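Undergrad: Take a look at entry.txt, compact mmCIF, C-alpha atoms:
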# COMPACT_ATOMS: atom_id res chain seq x y z
CA MET A 652 -1.09 42.60 25.60
CA ALA A 653 -3.51 45.48 25.23
CA ARG A 654 -7.09 44.29 24.75
CA TRP A 655 -7.51 46.24 21.51
CA LEU A 656 -4.47 44.50 20.02
CA ARG A 657 -5.81 40.96 20.43
CA PRO A 658 -8.35 41.05 17.56
CA LEU A 659 -5.69 42.58 15.31
CA VAL A 660 -3.18 39.87 16.16
CA GLY A 661 -5.83 37.19 15.59
CA ALA A 662 -6.68 38.67 12.19
CA LEU A 663 -3.01 38.77 11.24
CA LEU A 664 -2.61 35.12 12.23
CA LEU A 665 -5.56 34.16 10.04
CA LEU A 666 -4.14 36.18 7.17
CA GLU A 667 -0.82 34.42 7.64
CA GLY A 668 -2.58 31.05 7.41
CA ALA A 669 -4.56 32.14 4.37
CA ALA A 670 -1.43 33.36 2.63
CA ALA A 671 0.14 29.92 3.08
CA LEU A 672 -2.71 28.38 1.08
CA SER A 673 -1.10 29.02 -2.29
CA PHE A 674 -2.36 26.99 -5.23
CA LEU A 675 1.00 26.10 -6.73
CA HIS A 676 2.89 22.95 -7.61
CA HIS A 677 5.49 22.22 -4.94
CA ARG A 678 8.86 20.70 -5.77
CA TYR A 679 10.47 18.57 -3.08
CA GLU A 680 12.17 21.40 -1.16
CA GLU A 681 9.01 23.49 -1.35
CA LEU A 682 6.94 20.56 -0.12
CA VAL A 683 9.22 20.13 2.88
CA GLN A 684 9.02 23.84 3.64
CA ALA A 685 5.22 23.74 3.43
CA LEU A 686 5.03 20.85 5.90
CA PHE A 687 7.35 22.51 8.38
CA ARG A 688 5.43 25.77 8.02
CA VAL A 689 2.24 23.98 9.07
CA GLN A 690 4.06 22.37 11.97
CA SER A 691 5.35 25.74 13.15
CA GLN A 692 1.87 27.26 12.94
CA CYS A 693 0.22 24.41 14.88
CA PRO A 694 3.05 23.07 17.05
CA TYR A 695 0.84 21.59 19.77
CA VAL A 696 -1.24 19.35 17.49
CA THR A 697 1.27 18.37 14.79
CA ARG A 698 4.43 16.35 14.37
CA ILE A 699 6.62 15.68 11.33
CA TYR A 700 8.44 12.39 10.98
CA SER A 701 10.13 10.46 8.18
CA ILE A 702 9.38 6.79 7.52
CA GLY A 703 12.49 6.35 5.37
CA ARG A 704 14.15 7.59 2.20
CA SER A 705 13.57 7.20 -1.51
CA VAL A 706 16.08 5.64 -3.91
CA GLU A 707 17.71 9.06 -4.40
CA GLY A 708 17.73 9.81 -0.68
CA ARG A 709 14.70 12.08 -0.30
CA HIS A 710 12.80 11.74 2.97
CA LEU A 711 9.33 10.24 2.92
CA TYR A 712 7.79 12.75 5.29
CA VAL A 713 4.54 12.35 7.21
CA LEU A 714 2.67 15.15 8.96
CA GLU A 715 0.68 13.96 11.97
CA PHE A 716 -2.31 15.75 13.51
CA SER A 717 -3.31 14.80 17.06
CA ASP A 718 -3.98 16.39 20.42
CA SER A 719 -1.10 14.19 21.63
CA PRO A 720 1.37 14.13 18.72
CA GLY A 721 3.64 11.11 18.70
CA VAL A 722 1.48 9.12 21.12
CA HIS A 723 -1.16 6.49 20.46
CA GLU A 724 -4.03 7.11 22.85
CA ARG A 725 -6.19 4.16 23.79
CA LEU A 726 -9.39 3.91 21.74
CA GLU A 727 -8.30 6.73 19.41
CA PRO A 728 -8.19 5.40 15.83
CA GLU A 729 -5.27 5.95 13.47
CA PHE A 730 -5.99 7.27 9.95
CA LYS A 731 -3.69 7.89 6.99
CA TYR A 732 -3.65 9.57 3.57
CA VAL A 733 -0.93 8.71 1.04
CA GLY A 734 -0.38 10.78 -2.10
CA ASN A 735 1.83 10.84 -5.18
CA MET A 736 2.57 7.11 -5.24
CA HIS A 737 2.89 7.52 -8.98
CA GLY A 738 5.26 10.43 -9.40
CA ASN A 739 3.38 12.03 -12.29
CA GLU A 740 -0.03 11.86 -10.59
CA VAL A 741 0.36 15.06 -8.66
CA LEU A 742 -3.07 16.35 -7.66
CA GLY A 743 -3.20 14.19 -4.53
CA ARG A 744 0.16 15.61 -3.44
CA GLU A 745 -1.12 19.17 -3.69
CA LEU A 746 -4.49 18.35 -2.11
CA LEU A 747 -2.80 16.82 0.91
CA LEU A 748 -0.67 19.93 1.37
CA GLN A 749 -3.83 22.03 1.13
CA LEU A 750 -5.59 19.72 3.59
CA SER A 751 -2.71 20.03 6.06
CA GLU A 752 -2.84 23.81 5.95
CA PHE A 753 -6.64 23.77 6.13
CA LEU A 754 -6.72 21.54 9.23
CA CYS A 755 -4.16 23.74 10.96
CA GLU A 756 -5.89 26.99 10.05
CA GLU A 757 -9.36 25.80 11.03
CA TYR A 758 -8.05 24.39 14.30
CA ARG A 759 -6.54 27.76 15.14
CA ARG A 760 -9.85 29.40 14.28
CA GLY A 761 -11.65 27.15 16.73
CA ASN A 762 -13.70 25.29 14.11
CA GLU A 763 -15.61 22.79 16.28
CA ARG A 764 -15.75 20.06 13.63
CA ILE A 765 -12.03 20.18 12.89
CA THR A 766 -11.10 20.52 16.56
CA ARG A 767 -13.17 17.46 17.44
CA LEU A 768 -11.65 15.54 14.53
CA ILE A 769 -8.08 16.28 15.63
CA HIS A 770 -8.83 15.55 19.28
CA ASP A 771 -10.55 12.23 18.53
CA THR A 772 -8.37 10.96 15.67
CA ARG A 773 -4.67 10.50 15.02
CA ILE A 774 -4.28 11.63 11.40
CA HIS A 775 -1.17 10.85 9.33
CA ILE A 776 -0.66 12.65 6.01
CA MET A 777 2.06 11.60 3.54
CA PRO A 778 1.90 14.00 0.56
CA SER A 779 4.44 12.07 -1.53
CA MET A 780 5.41 8.41 -1.51
CA ASN A 781 7.43 8.85 -4.71
CA PRO A 782 9.34 12.16 -4.52
CA ASP A 783 11.95 10.99 -7.04
CA GLY A 784 9.36 10.25 -9.70
CA TYR A 785 7.69 13.60 -9.04
CA GLU A 786 10.89 15.50 -9.75
CA VAL A 787 11.17 13.75 -13.13
CA ALA A 788 7.57 14.63 -13.98
CA ALA A 789 7.90 18.20 -12.70
CA LYS A 790 10.85 18.88 -15.01
CA GLN A 791 8.50 18.23 -17.94
CA GLY A 792 5.78 20.41 -16.43
CA PRO A 793 2.01 20.17 -16.88
CA ASP A 794 2.01 21.19 -20.53
CA SER A 795 4.41 18.60 -21.96
CA ASN A 796 4.21 15.85 -19.37
CA GLY A 797 4.14 12.37 -20.88
CA TYR A 798 1.52 9.93 -19.65
CA LEU A 799 4.19 7.74 -18.02
CA THR A 800 6.95 10.31 -17.41
CA GLY A 801 7.87 10.11 -13.74
CA ARG A 802 5.28 7.44 -12.92
CA ASN A 803 7.85 4.99 -11.53
CA ASN A 804 10.49 5.47 -8.86
CA ALA A 805 14.15 6.15 -9.65
CA ASN A 806 14.74 2.44 -10.28
CA GLY A 807 11.99 2.41 -12.89
CA VAL A 808 9.59 0.39 -10.72
CA ASP A 809 5.85 1.02 -10.43
CA LEU A 810 5.35 1.19 -6.66
CA ASN A 811 1.71 0.14 -6.93
CA ARG A 812 2.83 -3.17 -8.44
CA ASN A 813 5.61 -3.72 -5.91
CA PHE A 814 3.98 -5.00 -2.70
CA PRO A 815 4.10 -8.72 -1.83
CA ASP A 816 1.31 -10.60 -3.61
CA LEU A 817 -0.86 -11.67 -0.69
CA ASN A 818 -3.98 -12.07 -2.82
CA THR A 819 -2.77 -15.35 -4.31
CA LEU A 820 -1.90 -16.64 -0.83
CA MET A 821 -5.29 -15.51 0.47
CA TYR A 822 -7.23 -17.22 -2.31
CA TYR A 823 -5.36 -20.46 -1.61
CA SER A 824 -5.76 -20.03 2.16
CA ARG A 825 -9.50 -19.60 1.73
CA GLU A 826 -9.72 -22.99 -0.05
CA ILE A 827 -8.03 -24.75 2.86
CA SER A 828 -9.79 -22.71 5.60
CA GLY A 829 -6.54 -20.95 6.48
CA PRO A 830 -6.10 -17.47 8.01
CA ASN A 831 -8.33 -14.71 6.64
CA HIS A 832 -6.30 -11.80 7.96
CA HIS A 833 -2.67 -10.83 8.53
CA ILE A 834 -1.55 -13.16 5.75
CA PRO A 835 2.15 -13.96 6.41
CA LEU A 836 4.74 -12.43 4.11
CA PRO A 837 6.97 -14.57 1.88
CA ASP A 838 10.38 -15.29 3.40
CA ASN A 839 12.29 -13.31 0.74
CA TRP A 840 9.91 -10.34 0.50
CA LYS A 841 12.46 -7.67 1.48
CA SER A 842 14.66 -8.49 -1.49
CA GLN A 843 11.72 -8.01 -3.87
CA VAL A 844 10.54 -4.53 -2.90
CA GLU A 845 11.83 -1.00 -3.47
CA PRO A 846 13.06 1.30 -0.65
CA GLU A 847 9.83 3.30 -0.76
CA THR A 848 7.71 0.15 -0.57
CA LEU A 849 9.82 -1.26 2.26
CA ALA A 850 9.43 1.99 4.20
CA VAL A 851 5.64 1.93 3.81
CA ILE A 852 5.38 -1.73 4.85
CA GLN A 853 7.42 -1.06 7.98
CA TRP A 854 5.31 2.06 8.63
CA ILE A 855 1.95 0.32 8.43
CA SER A 856 3.33 -2.52 10.54
CA SER A 857 4.27 -0.05 13.28
CA TYR A 858 0.94 1.81 13.52
CA ASN A 859 -2.46 0.21 14.01
CA PHE A 860 -4.11 2.07 11.13
CA VAL A 861 -7.87 1.62 10.80
CA LEU A 862 -8.74 3.51 7.61
CA SER A 863 -6.75 4.92 4.71
CA ALA A 864 -6.95 6.35 1.21
CA ASN A 865 -4.33 6.35 -1.52
CA LEU A 866 -4.61 9.37 -3.88
CA HIS A 867 -4.04 8.87 -7.62
CA GLY A 868 -4.92 10.56 -10.91
CA GLY A 869 -5.91 9.74 -14.47
CA ALA A 870 -9.59 9.04 -13.75
CA VAL A 871 -12.29 10.26 -11.36
CA VAL A 872 -13.58 7.37 -9.26
CA ALA A 873 -13.33 5.86 -5.77
CA ASN A 874 -11.84 2.38 -6.19
CA TYR A 875 -12.14 -0.30 -3.49
CA PRO A 876 -10.61 -3.81 -3.08
CA TYR A 877 -9.97 -6.33 -4.21
CA ASP A 878 -7.81 -4.95 -6.98
CA LYS A 879 -6.64 -8.40 -8.08
CA SER A 880 -9.07 -10.82 -9.69
CA GLN A 881 -9.28 -14.29 -8.22
CA ASP A 882 -9.57 -15.79 -11.69
CA GLN A 883 -5.93 -16.54 -12.51
CA ARG A 884 -6.65 -17.96 -15.96
CA PHE A 885 -6.74 -14.48 -17.47
CA ARG A 886 -3.45 -12.65 -17.47
CA SER A 887 -4.55 -9.52 -19.32
CA HIS A 888 -4.62 -6.62 -16.86
CA ARG A 889 -7.81 -5.42 -18.57
CA ARG A 890 -9.78 -8.56 -17.66
CA THR A 891 -12.79 -7.36 -15.66
CA VAL A 892 -14.02 -9.75 -12.97
CA ASN A 893 -15.76 -8.33 -9.92
CA THR A 894 -13.79 -9.61 -6.93
CA PRO A 895 -15.35 -8.48 -3.64
CA THR A 896 -13.83 -8.70 -0.18
CA PRO A 897 -15.79 -10.12 2.77
CA ASP A 898 -16.39 -6.44 3.65
CA ASP A 899 -17.72 -5.52 0.21
CA LYS A 900 -20.80 -3.59 1.39
CA LEU A 901 -18.71 -1.64 3.86
CA PHE A 902 -16.13 -0.78 1.20
CA GLN A 903 -18.89 0.37 -1.13
CA LYS A 904 -20.21 2.63 1.60
CA LEU A 905 -16.75 4.07 2.25
CA ALA A 906 -16.22 4.74 -1.46
CA LYS A 907 -19.65 6.37 -1.79
CA THR A 908 -18.91 8.56 1.20
CA TYR A 909 -16.07 10.13 -0.74
CA SER A 910 -17.75 10.20 -4.14
CA TYR A 911 -20.94 11.87 -2.90
CA ALA A 912 -19.04 14.43 -0.84
CA HIS A 913 -17.01 15.26 -3.96
CA SER A 914 -18.45 17.92 -6.26
CA TRP A 915 -18.83 15.68 -9.32
CA MET A 916 -17.31 12.23 -8.77
CA HIS A 917 -20.70 10.72 -7.87
CA ARG A 918 -22.22 11.71 -11.22
CA GLY A 919 -20.41 8.79 -12.81
CA TRP A 920 -19.46 10.27 -16.20
CA ASN A 921 -15.86 11.49 -16.01
CA CYS A 922 -12.84 11.28 -18.31
CA GLY A 923 -14.82 9.36 -20.92
CA ASP A 924 -15.67 6.57 -18.46
CA TYR A 925 -18.85 5.81 -16.51
CA PHE A 926 -18.85 4.42 -12.97
CA ALA A 927 -22.22 4.14 -11.22
CA ASP A 928 -22.19 6.35 -8.09
CA GLY A 929 -18.58 7.23 -8.94
CA ILE A 930 -17.22 4.03 -7.40
CA THR A 931 -15.82 0.72 -8.66
CA ASN A 932 -14.47 -2.57 -7.44
CA GLY A 933 -10.82 -2.57 -8.48
CA ALA A 934 -10.78 -5.93 -10.24
CA SER A 935 -14.07 -5.10 -11.92
CA TRP A 936 -12.30 -2.12 -13.51
CA TYR A 937 -9.09 -4.04 -14.31
CA SER A 938 -7.09 -6.60 -12.38
CA LEU A 939 -4.01 -5.25 -10.64
CA SER A 940 -1.45 -7.42 -8.86
CA LYS A 941 0.75 -6.43 -5.89
CA GLY A 942 -1.14 -3.21 -5.19
CA MET A 943 -1.06 -1.25 -1.96
CA GLN A 944 -4.75 -1.20 -1.06
CA ASP A 945 -5.14 -4.99 -1.16
CA PHE A 946 -1.92 -5.33 0.84
CA ASN A 947 -3.29 -3.06 3.58
CA TYR A 948 -6.44 -5.14 3.92
CA LEU A 949 -4.69 -8.53 3.86
CA TYR A 950 -1.66 -7.75 6.03
CA THR A 951 -2.90 -5.17 8.55
CA ASN A 952 -6.10 -3.99 10.22
CA CYS A 953 -6.37 -1.11 7.75
CA PHE A 954 -9.22 -0.67 5.27
CA GLU A 955 -7.84 1.29 2.31
CA ILE A 956 -9.42 2.61 -0.88
CA THR A 957 -7.80 4.25 -3.90
CA LEU A 958 -9.05 7.67 -4.99
CA GLU A 959 -8.61 8.60 -8.64
CA LEU A 960 -9.10 12.37 -8.54
CA SER A 961 -8.48 13.97 -11.92
CA CYS A 962 -8.56 13.20 -15.63
CA ASN A 963 -5.33 15.14 -16.01
CA LYS A 964 -2.51 13.49 -14.10
CA PHE A 965 -0.56 16.77 -13.87
CA PRO A 966 -3.20 19.52 -13.90
CA PRO A 967 -2.10 23.13 -14.49
CA GLU A 968 -1.81 25.41 -11.48
CA GLU A 969 -4.86 27.43 -12.51
CA ASP A 970 -6.98 24.29 -11.97
CA LEU A 971 -5.69 23.52 -8.45
CA GLU A 972 -8.07 25.81 -6.55
CA ARG A 973 -11.12 24.36 -8.33
CA GLN A 974 -9.90 20.85 -7.55
CA TRP A 975 -9.33 21.75 -3.90
CA MET A 976 -12.85 23.10 -3.54
CA ALA A 977 -14.21 19.94 -5.17
CA ASN A 978 -12.31 17.63 -2.79
CA ARG A 979 -12.12 19.57 0.48
CA GLU A 980 -15.36 18.32 2.03
CA ALA A 981 -14.76 14.78 0.77
CA LEU A 982 -11.28 14.65 2.30
CA VAL A 983 -12.62 15.68 5.72
CA THR A 984 -15.74 13.51 5.54
CA PHE A 985 -13.72 10.42 4.67
CA ILE A 986 -11.51 10.88 7.75
CA GLU A 987 -14.67 10.98 9.88
CA GLU A 988 -15.59 7.52 8.56
CA VAL A 989 -12.93 6.06 10.85
CA HIS A 990 -15.42 6.62 13.69
CA GLN A 991 -17.95 3.89 12.93
CA GLY A 992 -18.50 0.26 13.81
CA ILE A 993 -17.20 -1.01 17.13
CA LYS A 994 -14.11 -0.44 19.22
CA GLY A 995 -12.98 -1.43 22.67
CA LEU A 996 -10.36 -3.01 24.89
CA VAL A 997 -9.34 -6.63 25.17
CA SER A 998 -7.87 -7.23 28.63
CA ASP A 999 -7.11 -10.02 31.04
CA GLU A 1000 -8.62 -10.48 34.50
CA ASN A 1001 -6.12 -7.96 35.90
CA ASN A 1002 -7.16 -5.32 33.35
CA ASN A 1003 -3.93 -5.61 31.41
CA GLY A 1004 -4.36 -5.07 27.68
CA ILE A 1005 -3.89 -8.13 25.48
CA ALA A 1006 -2.05 -7.38 22.24
CA GLY A 1007 -2.74 -9.44 19.16
CA ALA A 1008 -6.16 -10.66 20.27
CA VAL A 1009 -8.31 -11.69 17.31
CA ILE A 1010 -11.69 -9.98 16.85
CA SER A 1011 -14.07 -12.04 14.72
CA VAL A 1012 -17.50 -10.96 13.46
CA GLN A 1013 -19.91 -13.77 12.69
CA GLY A 1014 -20.76 -13.86 9.00
CA ILE A 1015 -17.76 -11.77 7.88
CA SER A 1016 -14.69 -13.89 7.17
CA HIS A 1017 -12.13 -11.20 7.84
CA ASP A 1018 -10.78 -10.62 11.35
CA VAL A 1019 -8.86 -7.78 12.93
CA THR A 1020 -6.47 -7.80 15.88
CA SER A 1021 -5.93 -5.66 18.94
CA GLY A 1022 -2.98 -3.27 19.11
CA ASP A 1023 -0.11 -3.11 21.56
CA MET A 1024 -2.31 -1.53 24.25
CA GLY A 1025 -5.10 -4.05 23.81
CA ASP A 1026 -7.44 -1.68 21.99
CA TYR A 1027 -9.11 -2.70 18.74
CA PHE A 1028 -11.19 -1.05 16.03
CA ARG A 1029 -13.57 -2.88 13.69
CA LEU A 1030 -15.31 -0.84 10.98
CA LEU A 1031 -18.88 -2.10 10.45
CA LEU A 1032 -22.11 -0.93 8.86
CA PRO A 1033 -25.12 -0.28 11.12
CA GLY A 1034 -26.69 -3.53 12.31
CA THR A 1035 -26.57 -6.21 14.99
CA TYR A 1036 -23.49 -8.41 15.17
CA THR A 1037 -22.14 -11.38 17.12
CA VAL A 1038 -18.51 -10.62 17.95
CA THR A 1039 -15.87 -12.91 19.48
CA ALA A 1040 -12.50 -11.99 20.99
CA SER A 1041 -9.89 -14.72 21.33
CA ALA A 1042 -6.23 -14.87 22.29
CA GLU A 1043 -3.76 -17.67 22.87
CA GLY A 1044 -3.89 -18.88 26.45
CA TYR A 1045 -7.32 -17.36 27.13
CA GLN A 1046 -10.91 -18.51 26.90
CA PRO A 1047 -12.73 -16.75 24.01
CA GLN A 1048 -15.60 -14.42 24.79
CA THR A 1049 -18.60 -13.75 22.56
CA VAL A 1050 -21.07 -10.85 22.76
CA THR A 1051 -23.91 -9.49 20.65
CA THR A 1052 -23.92 -5.77 19.95
CA THR A 1053 -25.82 -3.25 17.85
CA VAL A 1054 -24.01 -0.68 15.72
CA GLY A 1055 -25.68 2.64 15.02
CA PRO A 1056 -25.14 5.09 12.15
CA ALA A 1057 -23.13 7.60 14.18
CA ALA A 1058 -20.48 7.02 16.83
CA PRO A 1059 -18.87 3.58 17.22
CA SER A 1060 -20.25 1.19 19.83
CA LEU A 1061 -17.96 0.44 22.75
CA VAL A 1062 -17.51 -3.30 23.19
CA HIS A 1063 -14.93 -4.39 25.76
CA PHE A 1064 -13.72 -7.94 26.36
CA GLN A 1065 -12.15 -9.34 29.52
CA LEU A 1066 -10.71 -12.76 28.83
CA LYS A 1067 -10.11 -15.43 31.42
CA GLN A 1068 -7.01 -17.56 31.27
CA GLU A 1069 -7.44 -21.11 30.12
CA VAL A 1070 -7.10 -23.70 32.84
CA VAL A 1071 -4.53 -26.32 31.88
CA ARG A 1072 -5.51 -29.59 33.52
CA LYS A 1073 -2.78 -32.14 34.10
CA PRO A 1074 -3.70 -35.73 33.26
CA PRO A 1075 -3.99 -38.02 36.30
CA GLU A 1076 -0.86 -39.93 37.18
CA ARG A 1077 -1.14 -43.60 36.38
CA LYS A 1078 0.56 -46.50 38.14
CA ALA A 1079 1.09 -50.03 36.91
CA SER A 1080 2.07 -52.97 39.15
CA GLY A 1081 3.15 -50.58 41.82
CA THR A 1082 5.67 -49.05 39.48
CA ARG A 1083 5.39 -45.34 38.64
CA MET A 1084 5.16 -44.77 34.89
CA ASN A 1085 7.63 -42.52 33.14
CA ASN A 1086 6.20 -39.00 32.89
CA LYS A 1087 7.29 -38.80 29.27
CA ALA A 1088 4.84 -41.53 28.40
CA LEU A 1089 2.00 -39.36 29.66
CA GLN A 1090 2.94 -36.19 27.82
CA LYS A 1091 0.74 -35.24 24.91
CA LYS A 1092 1.97 -33.56 21.79
CA VAL A 1093 0.78 -29.97 21.92
CA VAL A 1094 0.58 -27.95 18.73
CA PRO A 1095 0.79 -24.24 19.52
CA ARG A 1096 -1.84 -21.99 18.00
CA ALA A 1097 -0.77 -19.44 15.42
CA THR A 1098 -0.43 -16.04 16.92
CA ARG A 1099 -1.18 -12.80 15.16
CA ARG A 1100 2.15 -12.54 13.36
CA GLY A 1101 4.91 -14.08 15.42
CA THR A 1102 4.50 -17.71 14.40
CA GLN A 1103 2.89 -16.94 11.07
CA ARG A 1104 6.07 -15.40 9.75
Just dump the structure as structure tokens.
TA:
Amino acid sequence: MARWLRPLVGALLLLEGAAALSFLHHRYEELVQALFRVQSQCPYVTRIYSIGRSVEGRHLYVLEFSDSPGVHERLEPEFKYVGNMHGNEVLGRELLLQLSEFLCEEYRRGNERITRLIHDTRIHIMPSMNPDGYEVAAKQGPDSNGYLTGRNNANGVDLNRNFPDLNTLMYYSREISGPNHHIPLPDNWKSQVEPETLAVIQWISSYNFVLSANLHGGAVVANYPYDKSQDQRFRSHRRTVNTPTPDDKLFQKLAKTYSYAHSWMHRGWNCGDYFADGITNGASWYSLSKGMQDFNYLYTNCFEITLELSCNKFPPEEDLERQWMANREALVTFIEEVHQGIKGLVSDENNNGIAGAVISVQGISHDVTSGDMGDYFRLLLPGTYTVTASAEGYQPQTVTTTVGPAAPSLVHFQLKQEVVRKPPERKASGTRMNNKALQKKVVPRATRRGTQR
């Protein structure tokens, strides 16, 4: 190519990317086209996959950004955004489309911050978890949309009240010193959830997500778990009882990261409500049962918050650009929060990764587990921590480490196998005792999920 043509071609490519950033509401087919357009513009760092279908058969598409699409790289954290869980709360859907196009365009431009983010993070973006509900809401349009029109899926179910209730199990487990992470699912859980919910549960069970946000509308606040109050005596969903997780300070920091990067969320006064710093504990706002963010925290390694992004659930198109500019920096900054705390490998004496190893932090009663390759990620605030890695059949290992405010600290564990000592053989009156009489009853330890289910 002639040298003088290269700048022209580059400018045309940038114009092409800019033209794709249209501030419009996207129906399902248009959403799919937008995702595939991004994938075609950035084919080497993106992948599109479907986690399942809605009640009416629409794909639940995810757009992935990574320097190795489709591959989990050791020590590279997995992040996800989920939008449009309530079909009539549409701003998150449009923001995630804008974010996808923005990441692609800035990567092509050579933006160092975005390039580093894509190279160091595996980012999964699901613009719509409830495409059926959206189509119902979109038929009404922004001007005449009812407050609940299209909120539920095609079966009339609120998807954010449809996940297995692990909070109740966790509160009981805490009283009996039971597991504090990866709470087992009820035996009949599949028969109680919708297709969209089932697809998401299988999705988050297949990827070792570390951090996530769920985008909603109807308020402007960053909401963090627990969503469900521990006090079961009050059944009114408006009962306000602050119900913190063991990682409460960390969740507050994550929520503030978004609210202060947002143009006005941090001011607190929005939509007739006031939230200090633009954040709230979910149960302190109102108790919500069977929600997605609590489920993420209790069933997986993922720390999820819920972002309420607009007073108007279905804002008019002329407001979309203003909303994008208000959220753009916050959306990028929140992804970067996945790179904090500690991470490392849990391996055996032959350097083979140990999957399902439990990582415990002294003083925080919530553990995480290593992934299939033996790598783990534990979000933590800056400070000094005593951390223990344990796995069935291995001797636990404990280390002390200091976490800084920037990059995560690397903390690797190499576990030694437990030595099983056989009891000495006893003899009585010259007669060899039956081996069965010497055998002890061994109760196997609970593994990460296998025996807990």
Undergrad: Tell me which protein, DNA and RNA residues are within 7 Å of stretch 807-818 of chain A, counting all atoms listed in the file, leaving out same-chain ones fewer than 3 positions away, and put them as a ChimeraX atom specification.
TA: /A:736,802-804,821-822,834,840,844,848,879,940-943,946,949
Undergrad: Using all atoms listed in the file, which of the listed residues (A:Asn781, A:Gln749, A:Gln903, A:Asn839) sits closest to A:Asn978?
TA: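 With all atoms listed in the file as the atom set, the closest residue is A:Gln749.
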Undergrad: Between A:Pro967, A:Tyr950, A:Gly1044, A:Ser824, which residue has the minimum interatomic distance to A:Ser856, considering only C-alpha atoms?
TA: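 Under the stated criterion, the closest residue is A:Tyr950.
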Undergrad: Mind checking which residues fall within 9 Å of A:Leu982, counting all atoms listed in the file, ignoring those fewer than 2 positions away in the same chain, and posting them as a count of residues only?
TA: 12
Undergrad: Atom CA of A:Glu826 to atom CA of A:Thr951: how many Å, to one decimal?
TA: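 Interatomic distance, atom CA of A:Glu826 to atom CA of A:Thr951: 20.9 Å.
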Undergrad: Rank A:Ile702, A:Ala850, A:Ile855, A:Ala685 by their smallest atom-to-atom distance to A:Phe730, using all atoms listed in the file, and report the top residue only.
TA: A:Ile855
Undergrad: Quick one, how far is atom CA of A:Pro782 from atom CA of A:Glu680?
TA: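 Between atom CA of A:Pro782 and atom CA of A:Glu680 the gap is 10.2 Å.
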Undergrad: Choose the residue, out of A:His737, A:Arg759, A:Lys731, A:Lys994, that has the smallest atom-to-atom separation from A:Met777; count all atoms listed in the file.
TA: A:Lys731
Undergrad: Tell me, as JSON, numbers by chain, which residues lie within 10 Å of A:Pro846, counting all atoms listed in the file; anything in the same chain fewer than 6 positions away does not count.
TA: {"A": [703, 704, 705, 706, 707, 708, 804, 806, 810, 852]}
Undergrad: Please dump the current selection as a PDB file, keeping the file's coordinate frame; keep C-alpha atoms.
TA:
ATOM      1  CA  GLY A 703      12.490   6.350   5.370  1.00  0.00           C
ATOM      2  CA  ARG A 704      14.150   7.590   2.200  1.00  0.00           C
ATOM      3  CA  SER A 705      13.570   7.200  -1.510  1.00  0.00           C
ATOM      4  CA  VAL A 706      16.080   5.640  -3.910  1.00  0.00           C
ATOM      5  CA  GLU A 707      17.710   9.060  -4.400  1.00  0.00           C
ATOM      6  CA  GLY A 708      17.730   9.810  -0.680  1.00  0.00           C
ATOM      7  CA  ASN A 804      10.490   5.470  -8.860  1.00  0.00           C
ATOM      8  CA  ASN A 806      14.740   2.440 -10.280  1.00  0.00           C
ATOM      9  CA  LEU A 810       5.350   1.190  -6.660  1.00  0.00           C
ATOM     10  CA  ILE A 852       5.380  -1.730   4.850  1.00  0.00           C
TER      11      ILE A 852
END
Undergrad: To one decimal place, how far is atom CA of A:Glu1069 from atom CA of A:Ile1010 in Å?
TA: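 The value is 17.8 Å.
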Undergrad: Pick from A:Ser935, A:Asn952, A:Asn921, A:Thr957: nearest to A:His1017, with only C-alpha atoms counted?
TA: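 Among A:Ser935, A:Asn952, A:Asn921, A:Thr957, it is A:Asn952 that comes nearest to A:His1017.
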Undergrad: Between A:Asn859, A:Gln1068, A:Gln881, A:Thr908, which has the minimum distance to A:Pro895 (counting only C-alpha atoms)?
TA: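 Nearest candidate to A:Pro895 out of A:Asn859, A:Gln1068, A:Gln881, A:Thr908: A:Gln881.
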Undergrad: Box for stretch 912-929 of chain A: with edges along x, y and z, all listed atoms inside and 8 Å added on each side, what are the centre and edge lengths in Å to one decimal, as AutoDock Vina command-line options?
TA:
--center_x -17.5 --center_y 11.0 --center_z -10.9 --size_x 25.4 --size_y 29.8 --size_z 36.1
Undergrad: Could you produce a table of the residues of stretch 788-894 of chain A lying within 12 Å of stretch 768-774 of chain A, with the nearest pair of atoms per residue and their separation in Å rounded to one decimal, using all atoms listed in the file, ordered by chain and increasing residue number, as CSV?
TA:
residue,atom,partner,partner_atom,distance
A:Tyr858,CA,A:Arg773,CA,10.5
A:Asn859,CA,A:Arg773,CA,10.6
A:Phe860,CA,A:Arg773,CA,9.3
A:Val861,CA,A:Arg773,CA,10.3
A:Leu862,CA,A:Ile774,CA,10.0
A:Ser863,CA,A:Ile774,CA,9.8
A:Ala864,CA,A:Ile774,CA,11.8
